[in-house]
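Student: Take a look at the following structure, please.
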Amino acid sequence: MVQAYILIQTEVGKASTVAESVSKIAGVIQAEDVTGPYDVIVRAQADTVDALGRMVVARIQQVDGITRTLTCPVVHL
């Protein structure tokens, strides 16, 4: 299982709507509105890195109001 934090920038005033929409996507554990350089932070999981990438590109980035994402995989050192 691969987990990652996905940092999302949204259009002005869309953070709550984006967080709500993203939270309904399979594999998303949590989606929260935040302040700072990013508007929403998501914790997600998938079976493989490839499946995680497909989720981000095909599902999360397609949500209306998202302008940019940054995916940060969780590592266990």
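Please note that chains go A, B, ... in the order of the structure tokens, that every chain numbers its residues from 1, and that ligands are numbered from 1 in the order shown.
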I'd like the neighbourhood of A:Lys14 as an mmCIF file with N, CA and C atoms, in the first residue's frame, where a residue qualifies if any of its atoms comes within 12 Å (using only C-alpha atoms), though same-chain residues fewer than 3 positions away should be ignored.
Tutor:
data_model
loop_
_atom_site.group_PDB
_atom_site.id
_atom_site.type_symbol
_atom_site.label_atom_id
_atom_site.label_comp_id
_atom_site.auth_asym_id
_atom_site.auth_seq_id
_atom_site.Cartn_x
_atom_site.Cartn_y
_atom_site.Cartn_z
ATOM 1 N N ILE A 8 -3.007 20.801 -2.823
ATOM 2 C CA ILE A 8 -3.831 21.317 -3.920
ATOM 3 C C ILE A 8 -3.990 22.823 -3.820
ATOM 4 N N GLN A 9 -3.781 23.493 -4.947
ATOM 5 C CA GLN A 9 -4.119 24.904 -5.075
ATOM 6 C C GLN A 9 -5.425 24.978 -5.860
ATOM 7 N N THR A 10 -6.305 25.878 -5.452
ATOM 8 C CA THR A 10 -7.609 26.000 -6.100
ATOM 9 C C THR A 10 -7.834 27.430 -6.588
ATOM 10 N N GLU A 11 -8.873 27.578 -7.387
ATOM 11 C CA GLU A 11 -9.323 28.913 -7.745
ATOM 12 C C GLU A 11 -9.827 29.596 -6.471
ATOM 13 N N THR A 17 -15.405 23.541 -1.669
ATOM 14 C CA THR A 17 -16.060 22.706 -2.680
ATOM 15 C C THR A 17 -15.114 21.631 -3.191
ATOM 16 N N VAL A 18 -13.859 22.005 -3.428
ATOM 17 C CA VAL A 18 -12.863 21.042 -3.897
ATOM 18 C C VAL A 18 -12.631 19.971 -2.843
ATOM 19 N N ALA A 19 -12.445 20.365 -1.581
ATOM 20 C CA ALA A 19 -12.209 19.387 -0.507
ATOM 21 C C ALA A 19 -13.370 18.417 -0.398
ATOM 22 N N GLU A 20 -14.586 18.914 -0.497
ATOM 23 C CA GLU A 20 -15.755 18.043 -0.413
ATOM 24 C C GLU A 20 -15.801 17.073 -1.589
ATOM 25 N N SER A 21 -15.547 17.553 -2.789
ATOM 26 C CA SER A 21 -15.578 16.692 -3.979
ATOM 27 C C SER A 21 -14.475 15.640 -3.933
ATOM 28 N N VAL A 22 -13.267 16.054 -3.569
ATOM 29 C CA VAL A 22 -12.128 15.131 -3.529
ATOM 30 C C VAL A 22 -12.333 14.067 -2.456
ATOM 31 N N ASP A 33 -9.530 21.613 4.129
ATOM 32 C CA ASP A 33 -9.212 22.988 3.713
ATOM 33 C C ASP A 33 -8.123 23.490 4.661
ATOM 34 N N VAL A 34 -7.147 24.187 4.121
ATOM 35 C CA VAL A 34 -6.083 24.757 4.947
ATOM 36 C C VAL A 34 -5.780 26.172 4.461
ATOM 37 N N TYR A 38 -1.086 26.418 -0.060
ATOM 38 C CA TYR A 38 -2.020 25.439 -0.622
ATOM 39 C C TYR A 38 -3.371 25.631 0.038
ATOM 40 N N ASP A 39 -4.415 25.248 -0.665
ATOM 41 C CA ASP A 39 -5.781 25.467 -0.190
ATOM 42 C C ASP A 39 -6.421 24.208 0.386
ATOM 43 N N VAL A 40 -6.001 23.044 -0.107
ATOM 44 C CA VAL A 40 -6.549 21.760 0.352
ATOM 45 C C VAL A 40 -5.381 20.792 0.478
ATOM 46 N N VAL A 63 -11.179 17.436 -10.869
ATOM 47 C CA VAL A 63 -12.179 18.128 -10.051
ATOM 48 C C VAL A 63 -12.186 19.609 -10.417
ATOM 49 N N ASP A 64 -13.359 20.146 -10.660
ATOM 50 C CA ASP A 64 -13.522 21.545 -11.034
ATOM 51 C C ASP A 64 -12.995 22.460 -9.921
ATOM 52 N N GLY A 65 -12.192 23.445 -10.299
ATOM 53 C CA GLY A 65 -11.676 24.408 -9.343
ATOM 54 C C GLY A 65 -10.224 24.195 -8.958
ATOM 55 N N ILE A 66 -9.651 23.039 -9.311
ATOM 56 C CA ILE A 66 -8.246 22.773 -8.988
ATOM 57 C C ILE A 66 -7.360 23.404 -10.061
ATOM 58 N N THR A 67 -6.339 24.129 -9.614
ATOM 59 C CA THR A 67 -5.407 24.737 -10.560
ATOM 60 C C THR A 67 -4.050 24.039 -10.580
#
Student: Quick one: pull the distance between atom CA of A:Ala46 and atom CA of A:Pro73, Å, one decimal.
Tutor: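 Atom CA of A:Ala46 sits 10.8 Å away from atom CA of A:Pro73.
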Student: Please return, as an MDAnalysis selection string, all residues of chain A that DSSP assigns to alpha helix (DSSP H) on the basis of the backbone.
Tutor: chainID A and resid 15:23 49:54
Student: Got time to write the residues from that selection, C-alpha atoms, as a short mmCIF file (atom, residue, chain, number, x, y, z; two decimals), in the first residue's frame?
Tutor:
data_model
loop_
_atom_site.label_atom_id
_atom_site.label_comp_id
_atom_site.auth_asym_id
_atom_site.auth_seq_id
_atom_site.Cartn_x
_atom_site.Cartn_y
_atom_site.Cartn_z
CA ALA A 15 -11.32 25.31 -1.45
CA SER A 16 -14.35 23.99 0.46
CA THR A 17 -16.06 22.71 -2.68
CA VAL A 18 -12.86 21.04 -3.90
CA ALA A 19 -12.21 19.39 -0.51
CA GLU A 20 -15.75 18.04 -0.41
CA SER A 21 -15.58 16.69 -3.98
CA VAL A 22 -12.13 15.13 -3.53
CA SER A 23 -13.14 13.47 -0.25
CA VAL A 49 2.68 4.06 -7.09
CA ASP A 50 1.23 3.73 -10.60
CA ALA A 51 -2.31 3.41 -9.23
CA LEU A 52 -1.69 6.47 -7.05
CA GLY A 53 -0.51 8.43 -10.08
CA ARG A 54 -3.58 7.38 -12.07
#
Student: Calculated over only C-alpha atoms, which of the candidates A:Cys72, A:Ile25, A:Leu7, A:Ile60 has the smallest distance to A:Val42?
Tutor: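 Nearest candidate to A:Val42 out of A:Cys72, A:Ile25, A:Leu7, A:Ile60: A:Leu7.
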Student: Looking at A:Met1, A:Thr35, A:His76, A:Ile6, which one is nearest to A:Gln61, with distances taken over only C-alpha atoms?
Tutor: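 Ranking A:Met1, A:Thr35, A:His76, A:Ile6 by distance to A:Gln61, first place goes to A:Ile6.
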Student: Given the choices A:Leu77, A:Ala44, A:Arg59, A:Arg68, which gets closest to A:Ala4 if the distance is worked out from only C-alpha atoms?
Tutor: A:Ala44
Student: How far is it from atom CA of A:Val28 to atom CA of A:Val56, in Å with one decimal?
Tutor: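 According to the coordinates, atom CA of A:Val28 and atom CA of A:Val56 are separated by 10.1 Å.
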Student: So that I can check the secondary structure, give me every residue of chain A assigned strand (DSSP E or B) by backbone DSSP, as a PyMOL selection string.
Tutor: chain A and resi 2-10+28-33+40-46+66-73
Student: Write a file of the just-selected residues containing C-alpha atoms, as a compact mmCIF listing (two decimals), in the first residue's frame.
Tutor:
# COMPACT_ATOMS: atom_id res chain seq x y z
CA VAL A 2 1.31 3.44 -0.99
CA GLN A 3 0.13 6.59 0.79
CA ALA A 4 0.70 10.22 -0.15
CA TYR A 5 -0.20 13.75 0.77
CA ILE A 6 -1.56 15.71 -2.18
CA LEU A 7 -1.25 19.47 -1.85
CA ILE A 8 -3.83 21.32 -3.92
CA GLN A 9 -4.12 24.90 -5.08
CA THR A 10 -7.61 26.00 -6.10
CA VAL A 28 -8.91 9.40 -0.46
CA ILE A 29 -8.56 8.99 3.30
CA GLN A 30 -8.99 12.65 4.26
CA ALA A 31 -9.34 16.05 2.57
CA GLU A 32 -9.01 19.27 4.56
CA ASP A 33 -9.21 22.99 3.71
CA VAL A 40 -6.55 21.76 0.35
CA ILE A 41 -4.40 18.92 1.69
CA VAL A 42 -5.44 15.36 0.90
CA ARG A 43 -4.18 12.07 2.31
CA ALA A 44 -4.71 9.24 -0.16
CA GLN A 45 -3.72 5.61 -0.60
CA ALA A 46 -3.47 3.14 -3.47
CA ILE A 66 -8.25 22.77 -8.99
CA THR A 67 -5.41 24.74 -10.56
CA ARG A 68 -2.35 22.75 -9.40
CA THR A 69 -1.39 19.67 -7.38
CA LEU A 70 1.80 18.46 -5.72
CA THR A 71 1.96 14.79 -4.70
CA CYS A 72 4.20 13.87 -1.75
CA PRO A 73 4.49 10.09 -1.25
